[in-house]
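K.L.:
One structure, as structure tokens, below. Some questions next.
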Amino acid sequence: MSSSKHDHTTAGSLNSLLEWNLEQWQQACPSIQEIEIPDKHFLYRQGESCAGFFWIKAGIVKLTYLTAQGNELTLTLLQSGDVIGQLQHGCVNPAMEESAQALGKVLFYRIEYEDFKKLIYRWPEWSWSVFKAMSNRQQQIERKLRTILTQPVDKRVIATLLELAQLFGTRCSHGYSLEIFLTQQELADLVGASRSVVSTIMNEFRNRGILNYTREQICINDAALINE
């Protein structure tokens, strides 16, 4: 629980600068672009060359990795305030190691590498928040991969639902209602399992009163889920 609360604190410090309007940002960062993309569209794809950074202003972005065998693994979900991009390490246009795709409509700022570096120098406190957020995300992905390698699928589903509840949930009579809708395939991609297995587990959890879901919403009985 503590790591997610820490993530929210970090995102909050980044979000304070998101209140600037585009004209203010263009004075400090000439290359900045405000871009809106619809559901399922990509900010960038795995393997593409990209020298920019992406600062999410509104919406949810899914980071995925496509294996050599053609399997897609969802690494994490990002929200307002999160920054994604890749330090160049001597490469002018580094190849992206994952894909970033919109879940629903997404509004973001795109900042070119050199301007992003100037922002880092100009606002040390902001830059520290950026690096903390990136470090937290890397740790979260590493924990996720360890869970996939060591835990059965039902435990992975539980861990993922609790994490989603903390990040995207609002309190309801059952516990948490997720403010985002994920298909069973998207949930399966998050836990690194097949859709049919995740569907069976979700149906079992619903029959036991641990959660309820429709085509539009997932409600989580967090007390029951934690006791599993």
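Convention: chains lettered A, B, ... in structure tokens order; per-chain residue numbering from 1; ligands numbered from 1 as shown.
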Excluding same-chain residues fewer than 6 positions from Gln27 of chain A, what lies within 12 Å of it counting only C-alpha atoms, as JSON, numbers by chain?

P.N.:
{"A": [20, 21, 115, 119]}

K.L.:
Taking only C-alpha atoms into account, produce a table as a tab-separated table in which each residue of segment 74-124 of chain A with an atom at most 6 Å from an atom of segment 46-53 of chain A appears once, together with its shortest atom pair and the distance in Å to one decimal, ordered by chain and rising number.

P.N.:
```
residue	atom	partner	partner_atom	distance
A:Ile84	CA	A:Phe53	CA	5.8
A:Gly85	CA	A:Phe53	CA	4.5
A:Asn93	CA	A:Ala51	CA	5.0
A:Pro94	CA	A:Ser49	CA	5.3
A:Ala95	CA	A:Ser49	CA	4.4
A:Met96	CA	A:Gly47	CA	5.0
A:Glu97	CA	A:Gln46	CA	5.4
A:Glu98	CA	A:Gln46	CA	4.3
A:Ser99	CA	A:Gln46	CA	4.5
A:Arg110	CA	A:Phe53	CA	5.7
A:Ile111	CA	A:Phe53	CA	5.2
A:Glu112	CA	A:Gly52	CA	4.3
A:Tyr113	CA	A:Gly52	CA	5.0
```

K.L.:
Name the closest residue to Tyr121 of chain A among the candidates A:Ala28, A:Leu63, A:Ala58, A:Ile220; distances are taken between atoms, counting only C-alpha atoms.

P.N.:
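Going through A:Ala28, A:Leu63, A:Ala58, A:Ile220 one by one, the smallest distance to Tyr121 of chain A is for A:Ala28.
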
K.L.:
Let me make sure I understand: among A:Gln185, A:Ala193, A:Glu19, A:Ala165, which one has the smallest atom-to-atom distance to Leu149 of chain A if we use only C-alpha atoms?

P.N.:
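Of A:Gln185, A:Ala193, A:Glu19, A:Ala165, the one nearest Leu149 of chain A is A:Ala193, counting only C-alpha atoms.
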
K.L.:
Identify, with DSSP run on backbone atoms, the residues in segment 46-166 of chain A assigned to helix (DSSP H, G or I), and express the list as a VMD selection string.

P.N.:
chain A and resid 113 to 122 124 to 150 153 to 166

K.L.:
Contacts of Leu190 of chain A at 8 Å or less, counting only C-alpha atoms, minus same-chain residues fewer than 6 places along, as number ranges by chain?

P.N.:
A: 73-76, 160

K.L.:
Could the residues in this selection be written to a file with all heavy atoms, as a PDB file, in the first residue's frame?

P.N.:
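Generated file (out_4.pdb):
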```pdb
ATOM      1  N   LEU A  73       2.855  -8.437 -23.302  1.00  0.00           N
ATOM      2  CA  LEU A  73       2.819  -8.326 -21.844  1.00  0.00           C
ATOM      3  C   LEU A  73       2.583  -6.872 -21.473  1.00  0.00           C
ATOM      4  O   LEU A  73       3.321  -5.987 -21.918  1.00  0.00           O
ATOM      5  CB  LEU A  73       4.137  -8.818 -21.238  1.00  0.00           C
ATOM      6  CG  LEU A  73       4.305  -8.644 -19.726  1.00  0.00           C
ATOM      7  CD1 LEU A  73       3.286  -9.495 -18.970  1.00  0.00           C
ATOM      8  CD2 LEU A  73       5.715  -9.004 -19.294  1.00  0.00           C
ATOM      9  N   THR A  74       1.525  -6.609 -20.707  1.00  0.00           N
ATOM     10  CA  THR A  74       1.274  -5.257 -20.221  1.00  0.00           C
ATOM     11  C   THR A  74       2.145  -5.006 -18.995  1.00  0.00           C
ATOM     12  O   THR A  74       2.024  -5.701 -17.983  1.00  0.00           O
ATOM     13  CB  THR A  74      -0.208  -5.058 -19.864  1.00  0.00           C
ATOM     14  OG1 THR A  74      -0.998  -5.242 -21.045  1.00  0.00           O
ATOM     15  CG2 THR A  74      -0.452  -3.648 -19.333  1.00  0.00           C
ATOM     16  N   LEU A  75       3.026  -4.022 -19.092  1.00  0.00           N
ATOM     17  CA  LEU A  75       3.973  -3.741 -18.014  1.00  0.00           C
ATOM     18  C   LEU A  75       3.336  -2.933 -16.895  1.00  0.00           C
ATOM     19  O   LEU A  75       3.499  -3.240 -15.724  1.00  0.00           O
ATOM     20  CB  LEU A  75       5.190  -2.995 -18.579  1.00  0.00           C
ATOM     21  CG  LEU A  75       5.965  -3.714 -19.686  1.00  0.00           C
ATOM     22  CD1 LEU A  75       7.061  -2.802 -20.228  1.00  0.00           C
ATOM     23  CD2 LEU A  75       6.554  -5.016 -19.160  1.00  0.00           C
ATOM     24  N   THR A  76       2.609  -1.882 -17.261  1.00  0.00           N
ATOM     25  CA  THR A  76       1.993  -1.026 -16.250  1.00  0.00           C
ATOM     26  C   THR A  76       1.004  -0.089 -16.918  1.00  0.00           C
ATOM     27  O   THR A  76       0.962   0.037 -18.146  1.00  0.00           O
ATOM     28  CB  THR A  76       3.067  -0.208 -15.492  1.00  0.00           C
ATOM     29  OG1 THR A  76       2.490   0.436 -14.366  1.00  0.00           O
ATOM     30  CG2 THR A  76       3.715   0.827 -16.395  1.00  0.00           C
ATOM     31  N   THR A 160      -3.077  -7.668  -8.833  1.00  0.00           N
ATOM     32  CA  THR A 160      -3.338  -6.661  -9.866  1.00  0.00           C
ATOM     33  C   THR A 160      -4.602  -5.869  -9.571  1.00  0.00           C
ATOM     34  O   THR A 160      -4.622  -4.640  -9.703  1.00  0.00           O
ATOM     35  CB  THR A 160      -3.461  -7.343 -11.245  1.00  0.00           C
ATOM     36  OG1 THR A 160      -2.228  -8.006 -11.549  1.00  0.00           O
ATOM     37  CG2 THR A 160      -3.757  -6.320 -12.328  1.00  0.00           C
TER      38      THR A 160
END
```

K.L.:
Taking the DSSP secondary structure from the backbone, can you list the residues of segment 95-161 of chain A that are strand (DSSP E or B), as a PyMOL selection string?

P.N.:
chain A and resi 95+99-112

K.L.:
Could you write out that same residue set with all heavy atoms as a short mmCIF file (atom, residue, chain, number, x, y, z; two decimals), in the first residue's frame?

P.N.:
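And here's out.cif as it stands now:
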```cif
data_model
loop_
_atom_site.label_atom_id
_atom_site.label_comp_id
_atom_site.auth_asym_id
_atom_site.auth_seq_id
_atom_site.Cartn_x
_atom_site.Cartn_y
_atom_site.Cartn_z
N ALA A 95 15.85 3.54 -29.87
CA ALA A 95 14.68 2.72 -30.15
C ALA A 95 13.92 2.47 -28.85
O ALA A 95 14.51 2.13 -27.83
CB ALA A 95 15.11 1.39 -30.77
N SER A 99 5.82 -0.32 -26.09
CA SER A 99 4.82 0.50 -26.77
C SER A 99 3.99 1.24 -25.72
O SER A 99 3.76 0.72 -24.61
CB SER A 99 3.89 -0.36 -27.63
OG SER A 99 4.60 -0.99 -28.68
N ALA A 100 3.52 2.44 -26.06
CA ALA A 100 2.66 3.23 -25.19
C ALA A 100 1.35 3.48 -25.92
O ALA A 100 1.35 4.14 -26.97
CB ALA A 100 3.33 4.54 -24.80
N GLN A 101 0.24 2.97 -25.39
CA GLN A 101 -1.05 3.02 -26.06
C GLN A 101 -2.10 3.64 -25.15
O GLN A 101 -2.12 3.39 -23.95
CB GLN A 101 -1.47 1.61 -26.47
CG GLN A 101 -2.75 1.54 -27.28
CD GLN A 101 -3.13 0.11 -27.64
OE1 GLN A 101 -2.78 -0.82 -26.92
NE2 GLN A 101 -3.83 -0.07 -28.74
N ALA A 102 -2.99 4.44 -25.75
CA ALA A 102 -4.05 5.10 -24.98
C ALA A 102 -5.14 4.11 -24.60
O ALA A 102 -5.57 3.30 -25.42
CB ALA A 102 -4.64 6.24 -25.80
N LEU A 103 -5.58 4.19 -23.34
CA LEU A 103 -6.80 3.52 -22.90
C LEU A 103 -7.85 4.60 -22.71
O LEU A 103 -7.88 5.29 -21.71
CB LEU A 103 -6.57 2.78 -21.58
CG LEU A 103 -5.86 1.42 -21.63
CD1 LEU A 103 -5.79 0.81 -20.23
CD2 LEU A 103 -6.56 0.46 -22.58
N GLY A 104 -8.71 4.75 -23.71
CA GLY A 104 -9.59 5.91 -23.72
C GLY A 104 -8.84 7.10 -24.30
O GLY A 104 -7.68 7.01 -24.72
N LYS A 105 -9.47 8.26 -24.30
CA LYS A 105 -8.84 9.47 -24.82
C LYS A 105 -7.70 9.91 -23.91
O LYS A 105 -7.83 9.88 -22.68
CB LYS A 105 -9.88 10.58 -24.94
CG LYS A 105 -9.36 11.87 -25.54
CD LYS A 105 -10.47 12.88 -25.77
CE LYS A 105 -11.06 13.36 -24.46
NZ LYS A 105 -12.10 14.40 -24.66
N VAL A 106 -6.58 10.31 -24.50
CA VAL A 106 -5.41 10.74 -23.73
C VAL A 106 -4.92 12.08 -24.26
O VAL A 106 -4.83 12.30 -25.48
CB VAL A 106 -4.27 9.70 -23.82
CG1 VAL A 106 -2.97 10.26 -23.25
CG2 VAL A 106 -4.66 8.43 -23.09
N LEU A 107 -4.62 12.97 -23.33
CA LEU A 107 -4.03 14.27 -23.65
C LEU A 107 -2.64 14.31 -23.03
O LEU A 107 -2.48 13.98 -21.85
CB LEU A 107 -4.90 15.40 -23.09
CG LEU A 107 -4.46 16.84 -23.38
CD1 LEU A 107 -4.57 17.16 -24.86
CD2 LEU A 107 -5.31 17.82 -22.56
N PHE A 108 -1.64 14.69 -23.81
CA PHE A 108 -0.29 14.69 -23.27
C PHE A 108 0.54 15.81 -23.91
O PHE A 108 0.20 16.35 -24.97
CB PHE A 108 0.39 13.34 -23.49
CG PHE A 108 0.58 12.95 -24.93
CD1 PHE A 108 1.76 13.25 -25.61
CD2 PHE A 108 -0.41 12.28 -25.63
CE1 PHE A 108 1.95 12.90 -26.93
CE2 PHE A 108 -0.24 11.92 -26.96
CZ PHE A 108 0.94 12.23 -27.61
N TYR A 109 1.64 16.14 -23.23
CA TYR A 109 2.65 17.03 -23.77
C TYR A 109 3.79 16.18 -24.32
O TYR A 109 4.23 15.24 -23.66
CB TYR A 109 3.22 17.96 -22.70
CG TYR A 109 2.28 19.04 -22.22
CD1 TYR A 109 2.15 19.32 -20.86
CD2 TYR A 109 1.56 19.82 -23.12
CE1 TYR A 109 1.32 20.33 -20.42
CE2 TYR A 109 0.71 20.82 -22.68
CZ TYR A 109 0.61 21.07 -21.32
OH TYR A 109 -0.23 22.06 -20.89
N ARG A 110 4.26 16.53 -25.50
CA ARG A 110 5.49 15.93 -26.03
C ARG A 110 6.58 16.99 -25.99
O ARG A 110 6.38 18.11 -26.46
CB ARG A 110 5.29 15.41 -27.44
CG ARG A 110 6.60 14.90 -28.04
CD ARG A 110 6.44 14.12 -29.29
NE ARG A 110 7.77 13.73 -29.79
CZ ARG A 110 7.98 12.72 -30.61
NH1 ARG A 110 6.96 11.98 -31.01
NH2 ARG A 110 9.19 12.44 -31.03
N ILE A 111 7.73 16.62 -25.41
CA ILE A 111 8.85 17.54 -25.23
C ILE A 111 10.09 16.91 -25.84
O ILE A 111 10.43 15.76 -25.53
CB ILE A 111 9.09 17.84 -23.74
CG1 ILE A 111 7.81 18.35 -23.07
CG2 ILE A 111 10.22 18.86 -23.57
CD1 ILE A 111 7.90 18.48 -21.57
N GLU A 112 10.79 17.63 -26.69
CA GLU A 112 12.01 17.11 -27.30
C GLU A 112 13.11 16.98 -26.25
O GLU A 112 13.13 17.66 -25.23
CB GLU A 112 12.47 18.00 -28.45
CG GLU A 112 11.52 18.01 -29.64
CD GLU A 112 11.27 16.61 -30.19
OE1 GLU A 112 12.25 15.84 -30.33
OE2 GLU A 112 10.10 16.28 -30.46
#
```

K.L.:
Which of these, A:Asn221, A:Ile32, A:Thr150, A:Tyr44, has the shortest distance to Phe116 of chain A once you count only C-alpha atoms?

P.N.:
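The answer is A:Ile32, which sits nearest to Phe116 of chain A.
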
K.L.:
Rounded to one decimal place, report the atom CA of Trp55 of chain A-atom CA of Asp82 of chain A distance in Å.

P.N.:
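One can read the atom CA of Trp55 of chain A to atom CA of Asp82 of chain A distance as 5.9 Å.
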
K.L.:
Could you check which of A:Ala68, A:Val153, A:Ile120, A:Ile56 is closest to Ser196 of chain A, using only C-alpha atoms?

P.N.:
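Closest residue, counting only C-alpha atoms: A:Val153.
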
K.L.:
Which residue gives the smallest distance to Ile35 of chain A among A:Ile210, A:Leu78, A:Leu22, A:Val197, with only C-alpha atoms counted?

P.N.:
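With only C-alpha atoms as the atom set, the closest residue is A:Leu22.
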
K.L.:
Pick the closest to Arg45 of chain A from A:Leu66, A:Ser31, A:Ala188, A:Gln26: which is it, counting only C-alpha atoms?

P.N.:
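Of all the options, A:Leu66 lies closest to Arg45 of chain A.
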
K.L.:
Which residues are close to Thr147 of chain A, i.e. within 12 Å by only C-alpha atoms, leaving aside same-chain residues fewer than 3 positions away? Reply as a list in words.

P.N.:
Gln140, Ile141, Glu142, Arg143, Lys144, Thr150, Gln151, Pro152, Val153, Asp154, Lys155, Arg156, Val157, Ile158, Ala159, Thr160, Leu190, Val191, Gly192 and Ala193 of chain A
